[in-house]
Amino acid sequence: MTSFFPDVNVWLALSVDTHSHSSVAWKWMRALPADTQLLFSRYTQLGLLRLLTNGAVMGDETLNLRRAWTVFDRWLADPRVALYPDPRSVDAEFRKATLPFASKPASKWVGDCWVVASAVGNVATLVTFDKALHDFARKQGHPAVIPG
């Protein structure tokens with residue numbers, strides 16, 4: 001079985017039809033083999049709920065928290081999707097991922113490094129629309145893809 005770890009931007013594109021990357025995300029997902037598993041972590045779950053309920057992101061389509069939970073629950077009803085607990089190795093992987101930023105302010109990279117560490121800890125390929133995150137993961141020797 002192949003496992004993929006979608007970044008929050010991919011989950012959002014798959015969840016919101018009007019998202020600019022929605023059609024590309026769905027084309028990617030529809031092309032996956034039937035035995036593929038897509039993984040949520042607590043971090044990506046929280047990110048999806050946060051973005052779906054954020055007016056600056058969703059505009060007129062902003063959801064209340066009850067409706068955002070419904071979106072998440074629909075994902076979990078899909079047999080290809082699972083919410084994985086953080087693996088034991090995630091802290092060590094997180095520290096490794098943050099090493100390139102040790103001497104820099106890295107506010108954006110803290111979350112991105114957690115996403116990379118979670119994908120690595122779950123032995124999954126990172127999926128993101130964020131080219132910088134994709135390139136960073138690949139430079140660190142981790143599998144990553146950009147849908148499309």
# chains A, B, ... in the order shown; residues from 1 in each chain; ligands from 1

$ closest_atom_pairs --of "region 61-129 of chain A" --to "region 23-30 of chain A" --cutoff "12 Å" --atoms "only C-alpha atoms" --output "JSON lines"
{"residue": "A:Arg80", "atom": "CA", "partner": "A:Met29", "partner_atom": "CA", "distance": 10.5}
{"residue": "A:Val81", "atom": "CA", "partner": "A:Met29", "partner_atom": "CA", "distance": 11.4}
{"residue": "A:Val127", "atom": "CA", "partner": "A:Ala25", "partner_atom": "CA", "distance": 9.8}
{"residue": "A:Thr128", "atom": "CA", "partner": "A:Ala25", "partner_atom": "CA", "distance": 9.6}
{"residue": "A:Phe129", "atom": "CA", "partner": "A:Ala25", "partner_atom": "CA", "distance": 9.1}

$ write_last_selection --atoms "N, CA and C atoms" --output "PDB file, in the first residue's frame"
ATOM      1  N   ARG A  80     -10.076   5.328   1.978  1.00  0.00           N
ATOM      2  CA  ARG A  80      -8.684   5.626   1.637  1.00  0.00           C
ATOM      3  C   ARG A  80      -8.045   6.650   2.571  1.00  0.00           C
ATOM      4  N   VAL A  81      -8.847   7.240   3.457  1.00  0.00           N
ATOM      5  CA  VAL A  81      -8.382   8.339   4.303  1.00  0.00           C
ATOM      6  C   VAL A  81      -8.365   7.908   5.757  1.00  0.00           C
ATOM      7  N   VAL A 127       2.581  15.481  -0.118  1.00  0.00           N
ATOM      8  CA  VAL A 127       1.899  16.047  -1.272  1.00  0.00           C
ATOM      9  C   VAL A 127       1.574  17.498  -0.929  1.00  0.00           C
ATOM     10  N   THR A 128       2.067  18.418  -1.741  1.00  0.00           N
ATOM     11  CA  THR A 128       1.856  19.835  -1.453  1.00  0.00           C
ATOM     12  C   THR A 128       1.851  20.659  -2.722  1.00  0.00           C
ATOM     13  N   PHE A 129       1.148  21.783  -2.683  1.00  0.00           N
ATOM     14  CA  PHE A 129       1.215  22.758  -3.767  1.00  0.00           C
ATOM     15  C   PHE A 129       2.304  23.789  -3.493  1.00  0.00           C
TER      16      PHE A 129
END

$ residues_around --residues "Leu38 (chain A)" --least-positions-apart "5" --cutoff "12 Å" --atoms "only C-alpha atoms" --output "ChimeraX atom specification"
/A:1-7,10-11,14,29,32-33,44,75-76,78-84,119,122-127

$ closest_residue --among "A:Val8, A:Val71, A:Ala31, A:Val16" --to "Leu48 (chain A)" --atoms "only C-alpha atoms"
A:Val8

$ residues_around --residues "Ala117 (chain A)" --least-positions-apart "2" --cutoff "12 Å" --atoms "only C-alpha atoms" --output "number ranges by chain"
A: 5, 7, 41, 43, 86-98, 109-115, 119-126, 133, 136-137, 140-143

$ select_by_dssp --residues "region 4-148 of chain A" --states "alpha helix (DSSP H)" --output "ChimeraX atom specification"
/A:8-15,22-30,42-52,55-58,65-77,90-98,107-121,131-139

$ closest_residue --among "A:Ile146, A:Arg66, A:Asp60, A:Ala106" --to "Lys131 (chain A)" --atoms "only C-alpha atoms"
A:Ile146

$ closest_residue --among "A:Val116, A:Thr70, A:Leu51, A:Lys108" --to "Arg138 (chain A)" --atoms "only C-alpha atoms"
A:Val116

$ decode --residues "region 36-51 of chain A" --atoms "N, CA and C atoms" --output "tab-separated table (two decimals), in the first residue's frame"
chain	number	residue	atom	x	y	z
A	36	THR	N	-4.26	3.04	-2.33
A	36	THR	CA	-3.56	4.20	-1.78
A	36	THR	C	-4.24	4.66	-0.50
A	37	GLN	N	-3.43	5.10	0.45
A	37	GLN	CA	-3.98	5.68	1.66
A	37	GLN	C	-3.53	7.13	1.78
A	38	LEU	N	-4.48	8.01	2.12
A	38	LEU	CA	-4.20	9.42	2.35
A	38	LEU	C	-4.28	9.66	3.85
A	39	LEU	N	-3.26	10.30	4.39
A	39	LEU	CA	-3.14	10.45	5.84
A	39	LEU	C	-3.36	11.87	6.31
A	40	PHE	N	-4.21	12.03	7.29
A	40	PHE	CA	-4.31	13.25	8.07
A	40	PHE	C	-3.45	13.04	9.31
A	41	SER	N	-2.88	14.11	9.81
A	41	SER	CA	-2.28	14.11	11.14
A	41	SER	C	-3.12	15.10	11.95
A	42	ARG	N	-2.85	15.19	13.22
A	42	ARG	CA	-3.58	16.18	14.02
A	42	ARG	C	-3.31	17.58	13.46
A	43	TYR	N	-2.08	17.83	13.04
A	43	TYR	CA	-1.70	19.14	12.52
A	43	TYR	C	-2.50	19.49	11.25
A	44	THR	N	-2.61	18.55	10.32
A	44	THR	CA	-3.34	18.84	9.08
A	44	THR	C	-4.85	18.89	9.33
A	45	GLN	N	-5.32	18.11	10.29
A	45	GLN	CA	-6.73	18.19	10.67
A	45	GLN	C	-7.05	19.59	11.20
A	46	LEU	N	-6.23	20.05	12.14
A	46	LEU	CA	-6.44	21.38	12.72
A	46	LEU	C	-6.32	22.46	11.65
A	47	GLY	N	-5.36	22.31	10.75
A	47	GLY	CA	-5.19	23.28	9.68
A	47	GLY	C	-6.40	23.37	8.78
A	48	LEU	N	-6.94	22.22	8.41
A	48	LEU	CA	-8.12	22.23	7.54
A	48	LEU	C	-9.30	22.88	8.26
A	49	LEU	N	-9.54	22.50	9.50
A	49	LEU	CA	-10.65	23.11	10.26
A	49	LEU	C	-10.45	24.62	10.39
A	50	ARG	N	-9.23	25.03	10.65
A	50	ARG	CA	-8.92	26.46	10.82
A	50	ARG	C	-9.18	27.22	9.52
A	51	LEU	N	-8.71	26.69	8.39
A	51	LEU	CA	-8.87	27.39	7.12
A	51	LEU	C	-10.32	27.42	6.64
